[in-house]
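Visitor: You'll find upload.csv just under this line, and it carries CSV, C-alpha atoms.
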chain,number,residue,atom,x,y,z
H,913,MET,CA,11.1,-1.7,42.2
H,914,TRP,CA,8.1,-3.6,43.4
H,915,ALA,CA,5.7,-0.9,42.1
H,916,ALA,CA,7.5,-0.9,38.7
H,917,SER,CA,7.2,-4.6,38.5
H,918,CYS,CA,3.5,-4.5,39.3
H,919,LEU,CA,3.0,-1.7,36.7
H,920,ALA,CA,4.8,-3.7,34.1
H,921,SER,CA,2.7,-6.8,34.9
H,922,CYS,CA,-0.5,-4.8,34.6
H,923,CYS,CA,0.6,-3.3,31.3
H,924,ALA,CA,1.5,-6.8,29.9
H,925,ALA,CA,-1.9,-8.2,31.1
H,926,CYS,CA,-3.8,-5.3,29.5
H,927,ALA,CA,-1.8,-5.7,26.2
H,928,CYS,CA,-2.6,-9.5,26.1
H,929,GLU,CA,-6.2,-8.8,26.9
H,930,ALA,CA,-6.4,-6.2,24.1
H,931,CYS,CA,-4.8,-8.6,21.6
H,932,ARG,CA,-7.1,-11.4,22.7
H,933,THR,CA,-10.2,-9.1,22.3
H,934,ALA,CA,-9.0,-7.8,18.9
H,935,VAL,CA,-8.2,-11.3,17.6
H,936,GLY,CA,-11.4,-12.7,19.0
H,937,SER,CA,-13.5,-10.1,17.2
H,938,ILE,CA,-12.4,-11.4,13.8
H,939,GLY,CA,-15.3,-13.2,12.3
H,940,ARG,CA,-16.6,-14.3,8.9
H,941,ARG,CA,-16.9,-10.7,7.8
H,942,SER,CA,-13.2,-9.8,8.3
H,943,ALA,CA,-11.4,-13.2,8.1
H,944,ARG,CA,-9.9,-12.5,4.7
H,945,ILE,CA,-8.8,-9.1,5.7
H,946,ALA,CA,-7.1,-10.7,8.8
H,947,TYR,CA,-5.2,-13.1,6.6
H,948,CYS,CA,-4.1,-10.2,4.4
H,949,GLY,CA,-2.9,-8.4,7.6
H,950,LEU,CA,-1.0,-11.5,8.7
H,951,PHE,CA,0.7,-11.7,5.3
H,952,ALA,CA,1.6,-8.0,5.3
H,953,LEU,CA,3.1,-8.5,8.8
H,954,SER,CA,5.3,-11.3,7.4
H,955,LEU,CA,6.5,-9.0,4.6
H,956,PHE,CA,7.4,-6.3,7.2
H,957,ALA,CA,9.1,-8.9,9.3
H,958,SER,CA,11.1,-10.1,6.3
H,959,TRP,CA,12.1,-6.6,5.5
H,960,ALA,CA,13.1,-5.7,9.1
H,961,LEU,CA,15.1,-8.9,9.5
H,962,ARG,CA,16.9,-8.2,6.2
H,963,GLU,CA,18.0,-4.9,7.6
H,964,VAL,CA,19.0,-6.0,11.2
H,965,ALA,CA,19.4,-9.7,11.5
H,966,ALA,CA,22.7,-10.3,9.6
H,967,PRO,CA,24.9,-10.0,12.7
H,968,LEU,CA,22.7,-12.4,14.7
H,969,LEU,CA,22.7,-15.0,11.8
H,970,GLN,CA,26.5,-14.7,11.6
H,971,SER,CA,26.7,-16.0,15.2
H,972,ILE,CA,24.5,-19.1,14.6
H,973,PRO,CA,26.8,-22.1,14.0
H,974,TRP,CA,24.3,-24.2,11.9
H,975,ILE,CA,23.8,-21.2,9.6
H,976,ASN,CA,27.3,-19.8,9.4
H,977,HIS,CA,29.2,-23.0,9.0
H,978,PHE,CA,31.4,-21.9,6.2
H,979,HIS,CA,35.2,-21.8,6.4
H,980,LYS,CA,35.0,-18.2,5.3
H,981,THR,CA,32.2,-16.0,6.6
H,982,PRO,CA,30.0,-14.9,3.7
H,983,ASP,CA,29.2,-11.3,2.9
H,984,ARG,CA,26.5,-9.5,4.9
H,985,GLU,CA,24.2,-9.6,1.9
H,986,TRP,CA,24.1,-13.4,2.0
H,987,PHE,CA,22.7,-13.4,5.6
H,988,GLU,CA,20.2,-10.7,4.6
H,989,THR,CA,18.9,-12.9,1.8
H,990,ASP,CA,18.9,-15.9,4.1
H,991,ALA,CA,16.8,-14.2,6.7
H,992,VAL,CA,14.2,-13.2,4.1
H,993,LEU,CA,14.0,-16.7,2.7
H,994,ARG,CA,13.6,-18.3,6.1
H,995,VAL,CA,10.6,-16.1,7.0
H,996,SER,CA,9.2,-16.7,3.6
H,997,LEU,CA,9.6,-20.5,4.1
H,998,GLY,CA,7.7,-20.3,7.4
H,999,ASN,CA,4.9,-18.3,5.7
H,1000,PHE,CA,4.8,-20.8,2.9
H,1001,VAL,CA,4.6,-23.8,5.3
H,1002,PHE,CA,1.9,-22.1,7.3
H,1003,PHE,CA,-0.4,-21.3,4.4
H,1004,THR,CA,0.2,-24.6,2.7
H,1005,ILE,CA,-0.9,-26.5,5.8
H,1006,LEU,CA,-4.0,-24.4,5.9
H,1007,ALA,CA,-4.6,-25.1,2.2
H,1008,ILE,CA,-4.4,-28.9,2.8
H,1009,ILE,CA,-6.7,-28.7,5.9
H,1010,MET,CA,-9.3,-26.7,4.0
H,1011,ALA,CA,-9.4,-28.9,0.9
H,1012,GLY,CA,-12.9,-30.1,-0.1
H,1013,ILE,CA,-15.0,-27.7,2.1
H,1014,LYS,CA,-18.4,-27.3,0.4
H,1015,ASP,CA,-20.6,-25.6,2.9
H,1016,GLN,CA,-20.3,-23.5,6.1
H,1017,LYS,CA,-21.5,-26.4,8.3
H,1018,ASP,CA,-18.2,-28.1,7.8
H,1019,PRO,CA,-16.3,-27.9,11.1
H,1020,ARG,CA,-13.2,-26.7,9.2
H,1021,ASP,CA,-15.1,-23.6,8.3
H,1022,LYS,CA,-14.7,-22.5,11.9
H,1023,ILE,CA,-11.0,-23.1,11.6
H,1024,HIS,CA,-10.8,-20.9,8.5
H,1025,HIS,CA,-12.7,-18.0,10.1
H,1026,GLY,CA,-11.8,-18.4,13.8
H,1027,GLY,CA,-9.2,-19.5,16.2
H,1028,TRP,CA,-7.0,-16.5,15.5
H,1029,MET,CA,-5.0,-16.6,18.7
H,1030,ALA,CA,-4.0,-20.2,17.9
H,1031,LYS,CA,-3.3,-19.4,14.3
H,1032,VAL,CA,-1.1,-16.4,15.0
H,1033,PHE,CA,0.8,-18.5,17.6
H,1034,CYS,CA,1.3,-21.3,15.2
H,1035,TRP,CA,2.5,-18.8,12.5
H,1036,VAL,CA,5.1,-17.4,14.9
H,1037,VAL,CA,6.3,-20.8,16.0
H,1038,ILE,CA,6.6,-22.0,12.4
H,1039,VAL,CA,8.6,-18.9,11.3
H,1040,PHE,CA,10.8,-19.3,14.4
H,1041,LEU,CA,11.5,-23.0,13.7
H,1042,MET,CA,12.6,-22.1,10.1
H,1043,PHE,CA,15.7,-20.6,11.6
H,1044,PHE,CA,16.7,-24.1,12.8
H,1045,VAL,CA,16.4,-25.8,9.4
H,1046,PRO,CA,19.6,-26.6,7.5
H,1047,ASN,CA,20.9,-24.3,4.8
H,1048,GLY,CA,20.3,-27.0,2.2
H,1049,VAL,CA,16.5,-26.8,2.8
H,1050,VAL,CA,16.5,-23.0,2.5
H,1051,SER,CA,18.5,-23.3,-0.8
H,1052,PHE,CA,16.0,-25.8,-2.2
H,1053,TYR,CA,13.1,-23.6,-1.2
H,1054,GLU,CA,14.9,-20.6,-2.9
H,1055,SER,CA,15.2,-22.7,-6.1
H,1056,ILE,CA,11.5,-23.7,-6.3
H,1057,SER,CA,10.4,-20.2,-5.3
H,1058,LYS,CA,11.4,-18.9,-8.7
H,1059,PHE,CA,9.0,-21.3,-10.3
H,1060,GLY,CA,6.3,-20.8,-7.6
H,1061,SER,CA,6.7,-17.1,-8.3
H,1062,GLY,CA,6.1,-17.8,-12.0
H,1063,LEU,CA,2.8,-19.5,-11.1
H,1064,PHE,CA,1.8,-16.6,-9.0
H,1065,LEU,CA,2.5,-14.3,-11.9
H,1066,LEU,CA,0.3,-16.4,-14.1
H,1067,VAL,CA,-2.5,-16.0,-11.6
H,1068,GLN,CA,-1.9,-12.2,-11.9
H,1069,VAL,CA,-2.1,-12.5,-15.7
H,1070,VAL,CA,-5.5,-14.3,-15.5
H,1071,LEU,CA,-6.8,-11.6,-13.1
H,1072,LEU,CA,-5.4,-8.9,-15.4
H,1073,LEU,CA,-7.1,-10.4,-18.4
H,1074,ASP,CA,-10.4,-10.7,-16.5
H,1075,PHE,CA,-10.0,-7.1,-15.4
H,1076,VAL,CA,-9.3,-5.5,-18.8
H,1077,HIS,CA,-12.1,-7.5,-20.6
H,1078,GLY,CA,-14.5,-6.5,-17.8
H,1079,TRP,CA,-13.3,-2.9,-18.1
H,1080,ASN,CA,-13.9,-2.9,-21.8
H,1081,GLU,CA,-17.3,-4.5,-21.6
H,1082,ASN,CA,-18.4,-2.1,-18.9
H,1083,TRP,CA,-17.6,1.0,-21.0
H,1084,VAL,CA,-19.0,-0.5,-24.2
H,1085,ALA,CA,-22.2,-1.4,-22.4
H,1086,LYS,CA,-22.9,2.3,-21.7
H,1087,ASP,CA,-23.3,2.8,-25.4
H,1088,GLU,CA,-22.4,6.5,-25.3
H,1089,GLN,CA,-20.0,8.5,-27.4
H,1090,PHE,CA,-18.2,9.8,-24.4
H,1091,TRP,CA,-17.2,6.3,-23.3
H,1092,TYR,CA,-16.2,5.3,-26.8
H,1093,MET,CA,-13.9,8.3,-26.9
H,1094,ALA,CA,-12.6,7.3,-23.5
H,1095,LEU,CA,-11.8,3.8,-24.8
H,1096,LEU,CA,-9.9,5.4,-27.7
H,1097,VAL,CA,-8.0,7.8,-25.6
H,1098,VAL,CA,-6.9,5.2,-23.1
H,1099,SER,CA,-5.9,2.8,-25.9
H,1100,VAL,CA,-3.8,5.5,-27.6
H,1101,VAL,CA,-2.1,6.5,-24.3
H,1102,CYS,CA,-1.2,2.8,-23.7
H,1103,TYR,CA,0.2,2.4,-27.1
H,1104,ILE,CA,2.3,5.6,-26.9
H,1105,ALA,CA,3.6,4.4,-23.5
H,1106,THR,CA,4.4,1.0,-25.0
H,1107,PHE,CA,6.4,2.3,-27.9
H,1108,ALA,CA,8.2,4.9,-25.8
H,1109,PHE,CA,9.1,2.2,-23.3
H,1110,SER,CA,10.3,0.0,-26.1
H,1111,GLY,CA,12.7,2.8,-27.3
H,1112,LEU,CA,14.2,2.9,-23.8
H,1113,LEU,CA,14.7,-0.8,-23.8
H,1114,PHE,CA,16.7,-0.5,-27.0
H,1115,HIS,CA,18.8,2.2,-25.4
H,1116,TRP,CA,19.4,0.4,-22.1
H,1117,PHE,CA,19.8,-3.2,-23.2
H,1118,THR,CA,21.4,-3.1,-26.7
H,1119,PRO,CA,24.4,-0.8,-26.1
H,1120,SER,CA,26.5,0.0,-29.2
H,1121,GLY,CA,29.8,-1.9,-29.5
H,1122,HIS,CA,28.4,-5.1,-28.0
H,1123,GLU,CA,26.8,-8.2,-29.4
H,1124,CYS,CA,23.4,-8.3,-27.7
H,1125,GLY,CA,21.4,-10.6,-29.9
H,1126,LEU,CA,19.4,-12.2,-27.1
H,1127,ASN,CA,18.3,-8.8,-25.8
H,1128,LEU,CA,17.5,-7.6,-29.3
H,1129,PHE,CA,15.4,-10.7,-29.8
H,1130,PHE,CA,13.4,-10.2,-26.6
H,1131,ILE,CA,12.6,-6.6,-27.5
H,1132,VAL,CA,11.8,-7.2,-31.1
H,1133,PHE,CA,9.6,-10.2,-30.3
H,1134,THR,CA,7.8,-8.0,-27.7
H,1135,LEU,CA,7.0,-5.5,-30.4
H,1136,ILE,CA,5.8,-8.2,-32.7
H,1137,LEU,CA,3.4,-9.4,-30.0
H,1138,VAL,CA,2.1,-5.8,-29.7
H,1139,PHE,CA,1.2,-5.7,-33.4
H,1140,VAL,CA,-0.2,-9.3,-33.3
H,1141,PHE,CA,-2.5,-8.3,-30.4
H,1142,ALA,CA,-3.9,-5.4,-32.3
H,1143,ILE,CA,-4.3,-7.4,-35.6
H,1144,VAL,CA,-6.1,-10.3,-33.9
H,1145,ALA,CA,-8.3,-8.0,-31.7
H,1146,LEU,CA,-9.4,-5.9,-34.8
H,1147,HIS,CA,-10.1,-9.0,-37.0
H,1148,PRO,CA,-13.7,-8.9,-38.3
H,1149,LYS,CA,-14.4,-12.4,-37.0
H,1150,ILE,CA,-13.0,-11.7,-33.6
H,1151,ASN,CA,-15.1,-9.7,-31.1
H,1152,GLY,CA,-12.2,-7.8,-29.8
H,1153,SER,CA,-11.3,-4.3,-28.8
H,1154,LEU,CA,-8.2,-2.0,-28.7
H,1155,LEU,CA,-8.4,-1.3,-25.0
H,1156,PRO,CA,-7.5,-4.8,-23.8
H,1157,ALA,CA,-5.0,-5.2,-26.6
H,1158,SER,CA,-3.2,-1.9,-25.6
H,1159,VAL,CA,-3.2,-2.7,-21.9
H,1160,ILE,CA,-1.8,-6.2,-22.4
H,1161,ALA,CA,0.8,-4.8,-24.8
H,1162,LEU,CA,2.0,-2.3,-22.2
H,1163,TYR,CA,2.1,-5.1,-19.6
H,1164,CYS,CA,4.1,-7.4,-21.9
H,1165,THR,CA,6.6,-4.5,-22.5
H,1166,TYR,CA,7.0,-4.1,-18.8
H,1167,LEU,CA,7.6,-7.8,-18.4
H,1168,CYS,CA,10.3,-7.6,-21.1
H,1169,TYR,CA,11.9,-4.8,-19.1
H,1170,SER,CA,11.6,-6.7,-15.9
H,1171,GLY,CA,13.3,-9.7,-17.4
H,1172,LEU,CA,16.1,-7.7,-19.1
H,1173,SER,CA,16.9,-5.8,-15.9
H,1174,SER,CA,17.3,-9.1,-14.1
H,1175,GLU,CA,20.3,-10.1,-16.2
H,1176,PRO,CA,23.6,-10.5,-14.2
H,1177,ARG,CA,25.2,-7.2,-13.2
H,1178,ASP,CA,28.4,-8.1,-15.0
H,1179,TYR,CA,26.6,-8.8,-18.3
H,1180,GLU,CA,27.8,-6.2,-20.8
H,1181,CYS,CA,24.4,-5.9,-22.4
H,1182,ASN,CA,22.6,-4.9,-19.1
H,1183,GLY,CA,22.9,-1.2,-19.2
H,1184,LEU,CA,21.3,-0.8,-15.8
H,1185,HIS,CA,23.7,-2.9,-13.8
H,1186,ASN,CA,25.7,0.2,-12.7
H,1187,HIS,CA,22.6,1.6,-11.0
H,1188,SER,CA,21.3,-1.6,-9.4
H,1189,LYS,CA,22.7,-0.8,-6.0
H,1190,ALA,CA,21.6,2.8,-5.9
H,1191,VAL,CA,18.3,2.3,-4.1
H,1192,SER,CA,17.3,4.6,-1.3
H,1193,THR,CA,15.4,3.6,1.9
H,1194,GLY,CA,12.4,5.6,0.6
H,1195,SER,CA,12.4,3.7,-2.7
H,1196,LEU,CA,12.6,0.4,-0.8
H,1197,SER,CA,9.7,1.5,1.5
H,1198,LEU,CA,7.5,2.5,-1.5
H,1199,GLY,CA,8.4,-0.7,-3.3
H,1200,LEU,CA,7.5,-2.8,-0.3
H,1201,LEU,CA,4.2,-1.0,0.2
H,1202,THR,CA,3.4,-1.5,-3.5
H,1203,THR,CA,4.3,-5.1,-3.3
H,1204,ILE,CA,2.0,-5.7,-0.3
H,1205,LEU,CA,-0.9,-4.0,-2.0
H,1206,SER,CA,-0.4,-6.0,-5.2
H,1207,VAL,CA,0.2,-9.3,-3.6
H,1208,VAL,CA,-2.7,-8.9,-1.1
H,1209,TYR,CA,-5.1,-7.8,-3.9
H,1210,SER,CA,-4.1,-10.7,-6.2
H,1211,ALA,CA,-4.4,-13.2,-3.4
H,1212,VAL,CA,-7.8,-12.1,-2.2
H,1213,ARG,CA,-9.2,-11.5,-5.7
H,1214,ALA,CA,-7.9,-14.9,-6.9
H,1215,GLY,CA,-9.2,-16.6,-3.9
H,1216,SER,CA,-12.7,-15.2,-4.4
H,1217,SER,CA,-12.9,-15.1,-8.2
H,1218,ALA,CA,-14.7,-17.7,-10.2
H,1219,THR,CA,-12.5,-16.7,-13.1
H,1220,VAL,CA,-9.6,-18.5,-11.5
H,1221,LEU,CA,-11.3,-21.3,-9.6
H,1222,SER,CA,-15.0,-21.8,-9.0
H,1223,ALA,CA,-16.6,-22.7,-5.7
H,1224,PRO,CA,-17.2,-26.5,-5.2
H,1225,ASP,CA,-20.9,-26.8,-6.3
H,1226,SER,CA,-21.4,-23.8,-8.4
H,1227,PRO,CA,-19.8,-23.2,-11.8
H,1228,ARG,CA,-20.0,-19.5,-11.5
H,1229,ALA,CA,-20.3,-19.1,-7.7
H,1230,GLY,CA,-18.9,-15.9,-6.5
H,1231,ALA,CA,-18.5,-14.5,-10.1
H,1232,ASP,CA,-20.7,-11.5,-9.4
H,1233,LYS,CA,-19.9,-11.2,-5.7
H,1234,PRO,CA,-18.0,-8.3,-4.3
H,1235,LEU,CA,-14.4,-8.8,-3.2
H,1236,LEU,CA,-15.4,-9.4,0.5
H,1237,PRO,CA,-19.0,-10.6,0.2
H,1238,PHE,CA,-21.1,-10.6,3.3
H,1239,SER,CA,-24.8,-9.7,3.5
H,1240,LYS,CA,-27.6,-9.6,6.0
H,1241,ALA,CA,-28.9,-12.9,4.5
H,1242,ASP,CA,-25.6,-14.5,5.5
H,1243,GLU,CA,-26.0,-13.1,9.0
H,1244,GLU,CA,-29.5,-14.4,9.3
H,1245,ALA,CA,-28.6,-17.8,7.9
H,1246,GLU,CA,-25.7,-18.0,10.4
H,1247,LYS,CA,-28.0,-17.2,13.3
H,1248,LYS,CA,-30.5,-19.9,12.1
H,1249,ASP,CA,-27.6,-22.3,11.7
H,1250,VAL,CA,-28.7,-23.0,8.1
H,1251,PRO,CA,-25.9,-24.5,6.0
H,1252,ARG,CA,-24.9,-22.3,3.1
H,1253,PRO,CA,-22.4,-23.1,0.3
H,1254,VAL,CA,-19.1,-21.4,0.6
H,1255,THR,CA,-18.7,-18.5,-1.8
H,1256,TYR,CA,-15.0,-19.2,-2.6
H,1257,SER,CA,-12.5,-21.9,-2.3
H,1258,TYR,CA,-10.8,-21.7,1.1
H,1259,SER,CA,-8.0,-24.1,0.0
H,1260,PHE,CA,-7.2,-22.2,-3.2
H,1261,PHE,CA,-7.3,-19.0,-1.2
H,1262,HIS,CA,-4.5,-20.2,1.1
H,1263,LEU,CA,-2.6,-21.8,-1.8
H,1264,ILE,CA,-2.4,-18.3,-3.5
H,1265,PHE,CA,-0.9,-16.9,-0.3
H,1266,SER,CA,1.7,-19.8,-0.4
H,1267,LEU,CA,2.7,-18.8,-3.9
H,1268,ALA,CA,2.6,-15.1,-2.9
H,1269,SER,CA,5.1,-15.9,-0.1
H,1270,MET,CA,7.5,-17.2,-2.7
H,1271,TYR,CA,7.0,-14.2,-5.0
H,1272,SER,CA,7.5,-11.7,-2.2
H,1273,ALA,CA,10.7,-13.4,-1.1
H,1274,MET,CA,12.0,-13.1,-4.7
H,1275,LEU,CA,11.1,-9.4,-4.7
H,1276,LEU,CA,12.7,-8.7,-1.4
H,1277,THR,CA,15.9,-10.5,-2.3
H,1278,GLY,CA,16.1,-9.2,-5.9
H,1279,TRP,CA,15.5,-12.8,-7.2
H,1280,SER,CA,18.9,-13.7,-5.6
H,1281,THR,CA,19.9,-17.0,-4.2
H,1282,SER,CA,21.5,-18.1,-1.0
H,1283,VAL,CA,22.9,-21.3,-2.5
H,1284,GLY,CA,26.5,-22.2,-2.4
H,1285,GLU,CA,28.8,-24.0,0.0
H,1286,SER,CA,31.4,-21.3,-0.8
H,1287,GLY,CA,29.2,-18.8,0.9
H,1288,LYS,CA,29.2,-16.5,-2.0
H,1289,LEU,CA,26.0,-14.7,-3.0
H,1290,VAL,CA,24.8,-15.6,-6.5
H,1291,ASP,CA,23.4,-12.4,-8.0
H,1292,VAL,CA,20.3,-11.8,-10.1
H,1293,GLY,CA,20.8,-14.2,-13.0
H,1294,TRP,CA,19.4,-16.0,-16.0
H,1295,PRO,CA,16.7,-18.1,-14.1
H,1296,SER,CA,15.0,-14.8,-13.1
H,1297,VAL,CA,15.2,-13.6,-16.7
H,1298,TRP,CA,13.6,-16.6,-18.1
H,1299,VAL,CA,10.9,-16.8,-15.5
H,1300,ARG,CA,9.8,-13.3,-16.5
H,1301,ILE,CA,10.1,-13.8,-20.2
H,1302,ALA,CA,8.1,-17.1,-19.9
H,1303,THR,CA,5.5,-15.1,-18.0
H,1304,GLN,CA,5.3,-12.6,-20.9
H,1305,TRP,CA,4.9,-15.4,-23.4
H,1306,ALA,CA,2.2,-17.0,-21.2
H,1307,THR,CA,0.4,-13.7,-21.0
H,1308,ALA,CA,0.5,-13.3,-24.8
H,1309,GLY,CA,-0.8,-16.9,-25.3
H,1310,LEU,CA,-3.6,-16.5,-22.8
H,1311,TYR,CA,-4.7,-13.2,-24.2
H,1312,ILE,CA,-4.8,-14.5,-27.8
H,1313,TRP,CA,-6.6,-17.6,-26.6
H,1314,SER,CA,-9.2,-15.4,-24.9
H,1315,LEU,CA,-9.9,-13.8,-28.2
H,1316,VAL,CA,-9.9,-16.8,-30.6
H,1317,ALA,CA,-11.5,-19.4,-28.2
H,1318,PRO,CA,-15.1,-18.0,-28.7
H,1319,PHE,CA,-14.6,-18.1,-32.5
H,1320,LEU,CA,-13.1,-21.6,-32.5
H,1321,PHE,CA,-15.6,-23.1,-30.0
H,1322,PRO,CA,-18.9,-21.1,-30.5
H,1323,ASP,CA,-21.0,-23.6,-28.6
H,1324,ARG,CA,-19.0,-23.2,-25.4
H,1325,GLU,CA,-19.3,-20.4,-22.9
H,1326,PHE,CA,-16.1,-18.4,-22.1
What is this structure when it is put down as structure tokens?

Guide:
Amino acid sequence: MWAASCLASCCAACACEACRTAVGSIGRRSARIAYCGLFALSLFASWALREVAAPLLQSIPWINHFHKTPDREWFETDAVLRVSLGNFVFFTILAIIMAGIKDQKDPRDKIHHGGWMAKVFCWVVIVFLMFFVPNGVVSFYESISKFGSGLFLLVQVVLLLDFVHGWNENWVAKDEQFWYMALLVVSVVCYIATFAFSGLLFHWFTPSGHECGLNLFFIVFTLILVFVFAIVALHPKINGSLLPASVIALYCTYLCYSGLSSEPRDYECNGLHNHSKAVSTGSLSLGLLTTILSVVYSAVRAGSSATVLSAPDSPRAGADKPLLPFSKADEEAEKKDVPRPVTYSYSFFHLIFSLASMYSAMLLTGWSTSVGESGKLVDVGWPSVWVRIATQWATAGLYIWSLVAPFLFPDREF
């Protein structure tokens, strides 16, 4: 027994030392990757708790204080929301602390890039404390998460617009027939996918024998946007291209589908409601992995992109930098203790993770809600629908603005 105890103590000490060494080795080069890893860990924790924590939450009196115990699904949703709330609080605190940093000599720069043992400990403590907050706080967080998720989706829209315009400019700049043909082929494929997808939307969400005017309006309006994109992009006075128009058209069609599929399961015009529960563990795993990659990329890219927010003293700082910029000049400057301006906004970087925490919670819970003193789970509903439809309209507006703004304001740089 004594030997086993000693062996266990040695193993624990080695594990702690390994963690300390690994965390301590995180420097300026890998700080953003570490934040991404911490965020991914929070998603896996949310997913795991959603699967196993329901019986534990049912036994906690300040959570299960209902006269009638809610369904298991209510506690699964509540677990995800509490982890997400802890994540949101953690990154929001960091965003506030990092506000106004202009150069790497600022003492807060070391907090952003170092102190990982303390930060991981604080993250664990904050997430743990969220399981002691009242249900009303979690319900309020769930309500604002829908709108925070909408803001995060808008950030994704800005990144998508920046990506497709850059993609088009890159291929056009090659000025070769092969690349022009590639632009045409990709555009045609996107349009074929858009119209095929639209046909499925009519089949799924406007079933015969039912009055589905709202769904019909959403689908028809999406098709109108598709044609408007092409007309504006090909106008002689607009320096546009079919490639961005086709990609944005396909994305808007997807947003229409995403909104319609979020309609309540008992809504007669939601043709997918009978299949909403039939999700395998493999599909959930793949969906979670896709979510992690999408959210992490958006957060890192938004935090370092001048398209979304420029660095404090440079209008285009970081615009031509790689995703995780770090050069030998940075190393030499750091050794010489020479102050260098930051290459991205630390505060905005953490703010994006705060919004991503809300968005991931909505994805993991199916945009559900844990509200209600009756203890009943309110299913996917109309707020989720309108968040996604509003995102589609914002996408359309931003894309059209990106085309007409240079024509309307020729003296300004866009």

Visitor: For segment 965-967 of chain H, list every protein, DNA or RNA residue within 9 Å, evaluated using all atoms listed in the file, and leave out those in the same chain fewer than 2 positions away; present the list as a list in words.

Guide: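 Once the adjacent positions are removed, what remains is Ala960, Leu961, Arg962, Glu963, Leu969, Gln970, Ser971, Arg984, Glu985, Trp986, Phe987, Glu988, Asp990 and Ala991 of chain H.
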
Visitor: Would you pick out the contacts of segment 1073-1080 of chain H at 8 Å or less, using all atoms listed in the file, so that residues sharing its chain but fewer than 3 positions from it are not included, and give the list as a VMD selection string?

Guide: chain H and resid 1069 to 1070 1083 to 1084 1095 1153 1155 to 1156 1159 to 1160 1219 1311

Visitor: Could you tell me how far atom CA of Tyr1258 of chain H lies from atom CA of Asp1018 of chain H, in Å and to one decimal?

Guide: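 A separation of 11.9 Å between them.
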
Visitor: Excluding same-chain residues fewer than 6 positions from Phe1139 of chain H, what lies within 10 Å of it counting only C-alpha atoms, as an MDAnalysis selection string?

Guide: chainID H and resid 1145 1157:1158 1161

Visitor: Please list as a list in words every residue within 10 Å of Phe1002 of chain H, counting all atoms listed in the file and excluding residues in the same chain fewer than 2 positions away.

Guide: Ser996, Leu997, Gly998, Asn999, Phe1000, Thr1004, Ile1005, Leu1006, Ala1007, Lys1031, Cys1034, Trp1035, Val1036, Val1037, Ile1038, Val1039, His1262, Phe1265 and Ser1266 of chain H

Visitor: Residues within 6 Å of segment 1056-1062 of chain H, please, as a count of residues only. Count only C-alpha atoms; anything in the same chain fewer than 4 positions from it doesn't count.

Guide: 3

Visitor: Could you tell me how far atom CA of Glu1081 of chain H sits from atom CA of Leu1096 of chain H, in Å to one decimal place?

Guide: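 If I compute the distance from atom CA of Leu1096 of chain H to atom CA of Glu1081 of chain H, I get 13.8 Å.
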
Visitor: Would you please work out which residue, of H:Leu1071, H:Leu1135, H:Ile1013, H:Ile945, is nearest to Ser1257 of chain H when using only C-alpha atoms?

Guide: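 Looking only at the distances to Ser1257 of chain H, the closest residue turns out to be H:Ile1013.
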
Visitor: Find the residue from H:Ile1131, H:Glu1054, H:Val1254, H:Ser1314 that sits nearest to Ser1296 of chain H; use only C-alpha atoms when measuring.

Guide: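 Residue with the minimum atom-to-atom distance to Ser1296 of chain H: H:Glu1054.
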
Visitor: At what distance in Å, to one decimal, does atom CA of Leu1041 of chain H lie from atom CA of Val1001 of chain H?

Guide: 10.9 Å

Visitor: Using all atoms listed in the file, which of the listed residues (H:Leu1063, H:Ala1030, H:Cys948, H:Val1140) sits closest to Val1299 of chain H?

Guide: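 Checking each candidate against Val1299 of chain H, we get H:Leu1063 as the closest.
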